[in-house]
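J.: One file is attached below, my_file_36.csv, containing CSV, C-alpha atoms.
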```csv
chain,number,residue,atom,x,y,z
A,46,MET,CA,-38.8,-41.8,-52.0
A,47,SER,CA,-38.5,-45.1,-50.2
A,48,ALA,CA,-40.5,-48.1,-49.5
A,49,PRO,CA,-41.6,-48.8,-45.9
A,50,ALA,CA,-38.4,-50.7,-44.9
A,51,ARG,CA,-36.8,-50.3,-41.5
A,52,ARG,CA,-33.3,-49.3,-42.5
A,53,ARG,CA,-31.2,-46.3,-42.1
A,54,ASN,CA,-31.3,-45.2,-45.7
A,55,ALA,CA,-35.1,-45.2,-45.9
A,56,ALA,CA,-37.0,-42.0,-45.8
A,57,PRO,CA,-39.4,-41.6,-42.8
A,58,VAL,CA,-43.0,-42.7,-43.5
A,59,THR,CA,-45.6,-39.9,-43.2
A,60,GLU,CA,-49.0,-41.4,-43.2
A,61,VAL,CA,-52.1,-39.5,-44.2
A,62,SER,CA,-54.8,-39.4,-41.5
A,63,PRO,CA,-57.9,-41.6,-42.0
A,64,GLY,CA,-60.1,-38.6,-42.4
A,65,THR,CA,-58.1,-37.1,-45.3
A,66,SER,CA,-60.1,-36.5,-48.4
A,67,ALA,CA,-59.7,-38.5,-51.6
A,68,GLN,CA,-58.5,-35.4,-53.4
A,69,ALA,CA,-55.8,-34.8,-50.7
A,70,ARG,CA,-54.7,-38.4,-50.9
A,71,LEU,CA,-54.5,-38.1,-54.7
A,72,ARG,CA,-52.4,-35.0,-54.6
A,73,GLU,CA,-50.0,-36.8,-52.2
A,74,ALA,CA,-49.9,-39.8,-54.4
A,75,VAL,CA,-48.9,-37.7,-57.4
A,76,GLU,CA,-46.0,-36.2,-55.4
A,77,ILE,CA,-44.8,-39.7,-54.4
A,78,ARG,CA,-45.1,-40.9,-58.0
A,79,GLN,CA,-42.9,-38.1,-59.2
A,80,GLU,CA,-40.3,-39.0,-56.6
A,81,TRP,CA,-40.2,-42.5,-58.0
A,82,LEU,CA,-40.2,-41.3,-61.6
A,83,GLY,CA,-37.1,-39.3,-60.7
A,84,HIS,CA,-35.4,-42.5,-59.5
A,85,GLY,CA,-36.4,-44.3,-62.7
A,86,LEU,CA,-34.9,-41.6,-64.9
A,87,SER,CA,-31.9,-40.7,-62.8
A,88,THR,CA,-28.5,-40.2,-64.4
A,89,GLU,CA,-26.5,-40.2,-61.2
A,90,PRO,CA,-23.8,-42.8,-61.1
A,91,ALA,CA,-24.9,-46.0,-59.5
A,92,ASP,CA,-24.5,-46.3,-55.7
A,93,ARG,CA,-22.6,-49.6,-56.1
A,94,ARG,CA,-22.2,-50.4,-52.4
A,95,THR,CA,-25.9,-49.9,-51.7
A,96,ALA,CA,-26.9,-51.9,-54.8
A,97,GLU,CA,-24.7,-54.8,-53.9
A,98,ARG,CA,-26.0,-54.8,-50.4
A,99,GLY,CA,-29.6,-54.9,-51.7
A,100,LEU,CA,-28.8,-57.6,-54.2
A,101,THR,CA,-27.1,-59.7,-51.5
A,102,ARG,CA,-30.2,-59.5,-49.4
A,103,ILE,CA,-32.4,-60.6,-52.3
A,104,TYR,CA,-30.1,-63.5,-53.1
A,105,ALA,CA,-30.4,-64.5,-49.5
A,106,ARG,CA,-34.2,-64.7,-49.7
A,107,ILE,CA,-33.8,-67.4,-52.3
A,108,SER,CA,-31.1,-69.2,-50.2
A,109,ARG,CA,-28.2,-68.2,-52.4
A,110,PRO,CA,-24.9,-66.8,-51.2
A,111,ARG,CA,-23.6,-63.4,-52.1
A,112,PRO,CA,-22.5,-63.5,-55.8
A,113,ARG,CA,-19.6,-61.8,-57.4
A,114,PHE,CA,-20.7,-58.5,-58.9
A,115,GLU,CA,-19.6,-57.6,-62.4
A,116,TRP,CA,-20.4,-53.9,-63.2
A,117,VAL,CA,-20.7,-52.7,-66.7
A,118,ASP,CA,-21.5,-49.3,-68.3
A,119,SER,CA,-24.3,-50.3,-70.6
A,120,PRO,CA,-26.7,-53.1,-71.4
A,121,ALA,CA,-24.7,-53.7,-74.6
A,122,LYS,CA,-21.6,-54.5,-72.5
A,123,ALA,CA,-23.6,-56.9,-70.4
A,124,LEU,CA,-24.8,-59.1,-73.3
A,125,PRO,CA,-21.6,-61.1,-73.8
A,126,LEU,CA,-21.5,-61.8,-70.1
A,127,VAL,CA,-25.0,-63.1,-69.7
A,128,ALA,CA,-25.4,-65.2,-72.9
A,129,HIS,CA,-25.6,-68.4,-70.8
A,130,LEU,CA,-28.6,-67.2,-68.7
A,131,PRO,CA,-32.1,-68.2,-69.5
A,132,THR,CA,-34.5,-66.3,-71.7
A,133,LEU,CA,-38.2,-65.8,-70.8
A,134,ASP,CA,-39.3,-68.7,-73.0
A,135,GLN,CA,-36.9,-70.9,-71.2
A,136,LEU,CA,-38.2,-69.8,-67.8
A,137,TYR,CA,-41.7,-70.5,-68.8
A,138,ARG,CA,-40.8,-74.2,-69.2
A,139,TRP,CA,-40.5,-74.4,-65.4
A,140,ILE,CA,-44.2,-73.6,-64.9
A,141,ARG,CA,-45.4,-76.1,-67.5
A,142,ASP,CA,-45.9,-79.9,-67.5
A,143,PRO,CA,-43.7,-81.8,-68.0
A,144,LEU,CA,-41.0,-79.9,-66.1
A,145,PRO,CA,-37.5,-80.0,-67.6
A,146,ALA,CA,-34.9,-82.2,-65.9
A,147,GLY,CA,-32.5,-80.6,-63.5
A,148,THR,CA,-32.5,-77.7,-61.1
A,149,PRO,CA,-34.5,-74.5,-61.9
A,150,PRO,CA,-32.4,-71.5,-62.8
A,151,LEU,CA,-31.9,-68.8,-60.2
A,152,ALA,CA,-34.0,-66.4,-62.2
A,153,SER,CA,-37.0,-68.8,-61.9
A,154,ASP,CA,-36.7,-68.8,-58.1
A,155,LEU,CA,-36.3,-65.0,-58.0
A,156,ALA,CA,-39.4,-64.4,-60.1
A,157,THR,CA,-41.4,-66.7,-57.9
A,158,VAL,CA,-40.3,-65.0,-54.7
A,159,ALA,CA,-41.0,-61.5,-56.2
A,160,ALA,CA,-44.5,-62.6,-57.4
A,161,ARG,CA,-45.3,-64.0,-53.9
A,162,LEU,CA,-44.2,-60.8,-52.3
A,163,ARG,CA,-46.5,-58.7,-54.6
A,164,GLY,CA,-49.4,-61.1,-53.7
A,165,ARG,CA,-48.9,-60.6,-50.0
A,166,LEU,CA,-48.6,-56.8,-50.4
A,167,GLY,CA,-51.9,-56.8,-52.3
A,168,GLU,CA,-53.5,-58.7,-49.4
A,169,GLY,CA,-52.5,-55.8,-47.1
A,170,VAL,CA,-54.3,-53.2,-49.1
A,171,VAL,CA,-57.5,-51.9,-47.3
A,172,HIS,CA,-59.6,-51.8,-50.5
A,173,ALA,CA,-59.9,-54.2,-53.4
A,174,ASP,CA,-56.5,-54.0,-55.0
A,175,PRO,CA,-56.7,-53.6,-58.9
A,176,GLU,CA,-53.3,-55.2,-59.1
A,177,ARG,CA,-54.7,-58.5,-58.0
A,178,SER,CA,-57.8,-58.5,-60.2
A,179,PRO,CA,-59.1,-56.1,-62.8
A,180,ALA,CA,-61.3,-53.4,-61.4
A,181,ARG,CA,-64.7,-53.1,-63.3
A,182,ARG,CA,-67.9,-51.2,-63.0
A,183,PRO,CA,-70.2,-53.0,-60.6
A,184,LYS,CA,-73.2,-53.4,-63.0
A,185,SER,CA,-71.8,-53.4,-66.5
A,186,LYS,CA,-68.6,-55.2,-65.6
A,187,ASP,CA,-66.8,-52.9,-68.1
A,188,PRO,CA,-63.4,-51.5,-67.1
A,189,TRP,CA,-63.4,-48.1,-65.4
A,190,PRO,CA,-62.3,-45.3,-67.7
A,191,VAL,CA,-58.9,-43.9,-67.7
A,192,LEU,CA,-59.3,-40.1,-67.0
A,193,PRO,CA,-57.3,-37.3,-65.5
A,194,PRO,CA,-57.3,-38.1,-61.8
A,195,LEU,CA,-59.7,-35.4,-60.5
A,196,GLU,CA,-62.0,-36.0,-63.4
A,197,ALA,CA,-62.0,-39.7,-62.6
A,198,LEU,CA,-63.0,-39.1,-59.0
A,199,ALA,CA,-65.8,-36.7,-60.1
A,200,ALA,CA,-67.0,-39.4,-62.5
A,201,GLY,CA,-67.3,-41.9,-59.6
A,202,VAL,CA,-64.2,-44.0,-60.3
A,203,PRO,CA,-63.2,-45.5,-56.9
A,204,LEU,CA,-60.1,-43.9,-55.3
A,205,GLY,CA,-58.3,-47.3,-55.3
A,206,VAL,CA,-58.7,-47.5,-59.0
A,207,VAL,CA,-57.6,-43.9,-59.6
A,208,LEU,CA,-54.5,-44.5,-57.4
A,209,HIS,CA,-53.6,-47.6,-59.4
A,210,GLN,CA,-53.9,-45.7,-62.7
A,211,THR,CA,-52.1,-42.6,-61.3
A,212,VAL,CA,-49.1,-44.5,-59.8
A,213,ARG,CA,-48.8,-48.0,-61.1
A,214,GLY,CA,-50.2,-47.4,-64.6
A,215,ALA,CA,-48.4,-44.1,-65.2
A,216,LEU,CA,-45.0,-45.4,-64.1
A,217,GLN,CA,-45.4,-48.6,-66.1
A,218,ARG,CA,-46.2,-46.5,-69.2
A,219,SER,CA,-43.3,-44.1,-68.5
A,220,LEU,CA,-40.5,-46.5,-67.4
A,221,ALA,CA,-41.5,-49.8,-69.2
A,222,ASP,CA,-43.4,-48.8,-72.3
A,223,GLY,CA,-41.5,-45.5,-72.6
A,224,PHE,CA,-38.0,-46.7,-71.6
A,225,HIS,CA,-36.8,-50.2,-71.0
A,226,LEU,CA,-38.9,-52.0,-73.5
A,227,PRO,CA,-37.7,-49.9,-76.5
A,228,VAL,CA,-34.1,-50.0,-75.3
A,229,ARG,CA,-34.3,-53.8,-74.9
A,230,ALA,CA,-35.8,-54.2,-78.3
A,231,ALA,CA,-33.0,-52.1,-79.8
A,232,LEU,CA,-30.5,-54.1,-77.8
A,233,SER,CA,-31.7,-57.5,-79.0
A,234,GLY,CA,-32.2,-56.8,-82.6
A,235,GLY,CA,-35.3,-59.0,-82.4
A,236,GLU,CA,-33.5,-61.9,-80.8
A,237,PRO,CA,-34.4,-63.2,-77.3
A,238,VAL,CA,-32.4,-61.6,-74.5
A,239,PRO,CA,-31.7,-63.4,-71.2
A,240,VAL,CA,-34.1,-62.4,-68.4
A,241,CYS,CA,-33.1,-59.4,-66.4
A,242,TRP,CA,-34.5,-57.0,-63.9
A,243,TYR,CA,-34.5,-53.3,-64.6
A,244,GLY,CA,-33.3,-51.7,-61.3
A,245,GLN,CA,-34.4,-48.1,-61.5
A,246,GLN,CA,-37.0,-48.8,-64.2
A,247,ASP,CA,-38.7,-51.5,-62.0
A,248,ALA,CA,-40.2,-48.7,-60.0
A,249,SER,CA,-43.9,-49.0,-61.0
A,250,TRP,CA,-45.0,-51.8,-58.6
A,251,ILE,CA,-42.6,-50.7,-55.9
A,252,ALA,CA,-43.9,-47.2,-56.0
A,253,TYR,CA,-47.5,-48.3,-56.0
A,254,TYR,CA,-47.3,-50.3,-52.8
A,255,ASP,CA,-45.1,-47.7,-51.2
A,256,THR,CA,-47.7,-45.0,-52.0
A,257,LEU,CA,-50.6,-47.0,-50.5
A,258,HIS,CA,-48.6,-47.6,-47.4
A,259,ARG,CA,-47.6,-43.9,-47.0
A,260,LEU,CA,-51.3,-42.9,-47.6
A,261,GLY,CA,-52.4,-45.2,-44.8
A,262,LEU,CA,-54.2,-47.5,-47.3
A,263,ALA,CA,-52.1,-50.6,-46.8
A,264,ARG,CA,-50.5,-52.5,-43.9
A,265,TYR,CA,-47.6,-54.9,-44.5
A,266,GLY,CA,-46.0,-57.3,-42.1
A,267,PRO,CA,-42.5,-56.4,-41.0
A,268,ASP,CA,-40.8,-59.0,-43.2
A,269,ASP,CA,-42.8,-58.0,-46.3
A,270,ALA,CA,-42.1,-54.3,-45.6
A,271,ASP,CA,-38.4,-55.1,-45.3
A,272,HIS,CA,-38.5,-57.2,-48.5
A,273,LEU,CA,-40.2,-54.4,-50.4
A,274,GLY,CA,-37.4,-52.2,-49.1
A,275,ASP,CA,-34.8,-54.4,-50.7
A,276,TRP,CA,-36.4,-53.9,-54.1
A,277,ALA,CA,-36.7,-50.2,-53.4
A,278,THR,CA,-33.0,-50.1,-52.7
A,279,LEU,CA,-32.2,-51.4,-56.2
A,280,THR,CA,-34.6,-48.9,-57.8
A,281,ARG,CA,-32.8,-46.1,-56.0
A,282,SER,CA,-29.3,-47.3,-56.7
A,283,CYS,CA,-28.7,-49.0,-60.0
A,284,GLY,CA,-29.7,-49.9,-63.5
A,285,TRP,CA,-30.5,-53.2,-65.1
A,286,TRP,CA,-29.2,-56.5,-63.6
A,287,TRP,CA,-28.9,-60.1,-64.6
A,288,PRO,CA,-28.7,-62.6,-61.7
A,289,GLY,CA,-26.6,-65.7,-62.1
A,290,GLU,CA,-25.6,-68.4,-59.6
A,291,ASP,CA,-22.1,-67.1,-59.1
A,292,VAL,CA,-22.0,-63.7,-60.9
A,293,CYS,CA,-24.6,-60.9,-60.9
A,294,VAL,CA,-24.0,-58.5,-63.8
A,295,VAL,CA,-25.2,-55.0,-63.0
A,296,VAL,CA,-25.4,-52.0,-65.3
A,297,ASP,CA,-24.6,-48.5,-64.2
A,298,ARG,CA,-27.3,-45.9,-64.6
A,299,PRO,CA,-27.4,-44.0,-68.0
A,300,GLU,CA,-25.3,-40.9,-68.5
A,301,THR,CA,-28.0,-39.0,-70.3
A,302,VAL,CA,-31.8,-39.3,-70.4
A,303,ARG,CA,-34.1,-37.0,-72.4
A,304,THR,CA,-37.8,-37.5,-72.4
A,305,GLU,CA,-41.0,-36.0,-73.8
A,306,PRO,CA,-44.6,-36.2,-72.7
A,307,VAL,CA,-46.7,-39.1,-73.9
A,308,PRO,CA,-49.4,-37.8,-76.3
A,309,ASP,CA,-52.8,-37.9,-74.6
A,310,GLY,CA,-51.4,-39.0,-71.3
A,311,CYS,CA,-53.6,-38.5,-68.3
A,312,HIS,CA,-51.1,-38.9,-65.6
A,313,GLY,CA,-47.9,-37.1,-66.6
A,314,GLU,CA,-46.5,-40.1,-68.5
A,315,VAL,CA,-43.3,-39.6,-70.4
A,316,ARG,CA,-41.2,-41.5,-73.0
A,317,LEU,CA,-37.7,-41.4,-74.4
A,318,ARG,CA,-37.1,-39.0,-77.2
A,319,PRO,CA,-35.4,-40.4,-80.3
A,320,ASP,CA,-31.8,-40.9,-79.3
A,321,GLY,CA,-32.9,-40.0,-75.8
A,322,VAL,CA,-30.7,-42.2,-73.7
A,323,GLY,CA,-26.9,-42.6,-73.7
A,324,TYR,CA,-24.8,-44.8,-71.5
A,325,ARG,CA,-21.4,-44.1,-69.8
A,326,ASP,CA,-19.4,-46.1,-72.4
A,327,GLY,CA,-20.9,-44.1,-75.3
A,328,TRP,CA,-23.5,-46.7,-76.3
A,329,HIS,CA,-26.8,-45.4,-77.6
A,330,PRO,CA,-29.6,-47.8,-78.5
A,331,PRO,CA,-29.8,-47.9,-82.3
A,332,ARG,CA,-33.0,-46.3,-83.7
A,333,ARG,CA,-35.5,-48.8,-85.0
```
What would you get if you wrote out this structure as structure tokens?

T.:
Amino acid sequence: MSAPARRRNAAPVTEVSPGTSAQARLREAVEIRQEWLGHGLSTEPADRRTAERGLTRIYARISRPRPRFEWVDSPAKALPLVAHLPTLDQLYRWIRDPLPAGTPPLASDLATVAARLRGRLGEGVVHADPERSPARRPKSKDPWPVLPPLEALAAGVPLGVVLHQTVRGALQRSLADGFHLPVRAALSGGEPVPVCWYGQQDASWIAYYDTLHRLGLARYGPDDADHLGDWATLTRSCGWWWPGEDVCVVVDRPETVRTEPVPDGCHGEVRLRPDGVGYRDGWHPPRR
């Protein structure tokens, strides 16, 4: 349930021996994925002390002091507090020429540091990491098919590709496509929303690199493992968050979550039912 961070609240890492079969590794990966899916859909009240500790560590990695934390019960309550923060289009201006005048916003620095972390974690994977470049068939260069995991192995899909589909792809489909993207769309009413991170629903990439490490298929340096652990802490402890220079607005976890299977899903993907999420202040995303 935790990334390979060396801290007291992390679960012990149990690595699979090098001789373990692909099928056994796959079964273990599915169990780990379901642990992370549980975090992504949790309705337990936020662990505020743990979340603030993790956020303070992440702020420190971009040379920012501990912010003041403003907790709210729903994304709707957060919007008036974050209206001054940059949207995604505004952040993109900081990677284009000519650069805007002034100092980059905190969210730009944070996105850069997180992207660099993912790149270094990918370098620690023992096989070609599909997260870093699309995995394709060696002769035709076509993408590998998405099949139920054991069928994929039997069809010759490399284990690394199957693990990426089974963990990263499945959680992305469940927690992004099936949860935070529709909630965000309902929240914004079609208007741009300031950039945020999704806490418990950011689990897909964290779970993926945690799974590879626990299966003995990746090795990370101590600092990168600890950094991954900071992000894992947020996934385990809080909902969405908007980082500002002085104030970080953090949303509690939902009070109710009801899901249903994604039609034709190969990897246990789920999505919110209509009216499937409710927050602690009574806010429900309006149906679109």

J.: So which residues touch Trp242 (chain A) within 12 Å, counting all atoms listed in the file, skipping near sequence neighbours fewer than 3 positions away, as a compact mmCIF listing (two decimals) with C-alpha atoms, keeping the file's coordinate frame?

T.:
```txt
# COMPACT_ATOMS: atom_id res chain seq x y z
CA LEU A 100 -28.80 -57.60 -54.20
CA PRO A 120 -26.70 -53.10 -71.40
CA LEU A 133 -38.20 -65.80 -70.80
CA ALA A 152 -34.00 -66.40 -62.20
CA LEU A 155 -36.30 -65.00 -58.00
CA ALA A 156 -39.40 -64.40 -60.10
CA ALA A 159 -41.00 -61.50 -56.20
CA ALA A 221 -41.50 -49.80 -69.20
CA HIS A 225 -36.80 -50.20 -71.00
CA LEU A 226 -38.90 -52.00 -73.50
CA ARG A 229 -34.30 -53.80 -74.90
CA VAL A 238 -32.40 -61.60 -74.50
CA PRO A 239 -31.70 -63.40 -71.20
CA GLN A 245 -34.40 -48.10 -61.50
CA GLN A 246 -37.00 -48.80 -64.20
CA ASP A 247 -38.70 -51.50 -62.00
CA ALA A 248 -40.20 -48.70 -60.00
CA TRP A 276 -36.40 -53.90 -54.10
CA LEU A 279 -32.20 -51.40 -56.20
CA THR A 280 -34.60 -48.90 -57.80
CA CYS A 283 -28.70 -49.00 -60.00
CA GLY A 284 -29.70 -49.90 -63.50
CA TRP A 285 -30.50 -53.20 -65.10
CA TRP A 286 -29.20 -56.50 -63.60
CA TRP A 287 -28.90 -60.10 -64.60
CA PRO A 288 -28.70 -62.60 -61.70
CA GLY A 289 -26.60 -65.70 -62.10
CA CYS A 293 -24.60 -60.90 -60.90
CA VAL A 294 -24.00 -58.50 -63.80
CA VAL A 295 -25.20 -55.00 -63.00
CA VAL A 296 -25.40 -52.00 -65.30
```

J.: Would you mind reading off the distance between CA of Pro299 (chain A) and CA of Arg325 (chain A), one decimal, in Å?

T.: 6.3 Å

J.: Can you pull out the residues contacting Leu136 (chain A)? Cut-off 12 Å, using all atoms listed in the file, and skip same-chain residues under 4 positions away; I want them as a ChimeraX atom specification.

T.: /A:130-132,140-141,144-145,148-157,239-241

J.: Keeping only C-alpha atoms, write the selected residues as a PDB file, keeping the file's coordinate frame.

T.:
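For reference, part-v8.pdb as written:
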```
ATOM      1  CA  LEU A 130     -28.600 -67.200 -68.700  1.00  0.00           C
ATOM      2  CA  PRO A 131     -32.100 -68.200 -69.500  1.00  0.00           C
ATOM      3  CA  THR A 132     -34.500 -66.300 -71.700  1.00  0.00           C
ATOM      4  CA  ILE A 140     -44.200 -73.600 -64.900  1.00  0.00           C
ATOM      5  CA  ARG A 141     -45.400 -76.100 -67.500  1.00  0.00           C
ATOM      6  CA  LEU A 144     -41.000 -79.900 -66.100  1.00  0.00           C
ATOM      7  CA  PRO A 145     -37.500 -80.000 -67.600  1.00  0.00           C
ATOM      8  CA  THR A 148     -32.500 -77.700 -61.100  1.00  0.00           C
ATOM      9  CA  PRO A 149     -34.500 -74.500 -61.900  1.00  0.00           C
ATOM     10  CA  PRO A 150     -32.400 -71.500 -62.800  1.00  0.00           C
ATOM     11  CA  LEU A 151     -31.900 -68.800 -60.200  1.00  0.00           C
ATOM     12  CA  ALA A 152     -34.000 -66.400 -62.200  1.00  0.00           C
ATOM     13  CA  SER A 153     -37.000 -68.800 -61.900  1.00  0.00           C
ATOM     14  CA  ASP A 154     -36.700 -68.800 -58.100  1.00  0.00           C
ATOM     15  CA  LEU A 155     -36.300 -65.000 -58.000  1.00  0.00           C
ATOM     16  CA  ALA A 156     -39.400 -64.400 -60.100  1.00  0.00           C
ATOM     17  CA  THR A 157     -41.400 -66.700 -57.900  1.00  0.00           C
ATOM     18  CA  PRO A 239     -31.700 -63.400 -71.200  1.00  0.00           C
ATOM     19  CA  VAL A 240     -34.100 -62.400 -68.400  1.00  0.00           C
ATOM     20  CA  CYS A 241     -33.100 -59.400 -66.400  1.00  0.00           C
TER      21      CYS A 241
END
```

J.: For Gly261 (chain A), which residue out of A:Lys184, A:Arg106, A:His172, A:Lys122 is the nearest one, using only C-alpha atoms?

T.: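 With only C-alpha atoms as the atom set, the closest residue is A:His172.
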
J.: Rank nothing, just name the residue among A:Arg177, A:His312, A:Arg102, A:Arg93 nearest to Val117 (chain A), using all atoms listed in the file.

T.: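 Among A:Arg177, A:His312, A:Arg102, A:Arg93, it is A:Arg93 that comes nearest to Val117 (chain A).
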
J.: Ranking A:Thr301, A:Gly266, A:Pro190, A:Val292 by minimum distance to Gly327 (chain A) and counting all atoms listed in the file, which one comes first?

T.: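 Of the candidates, the smallest distance to Gly327 (chain A) is held by A:Thr301.
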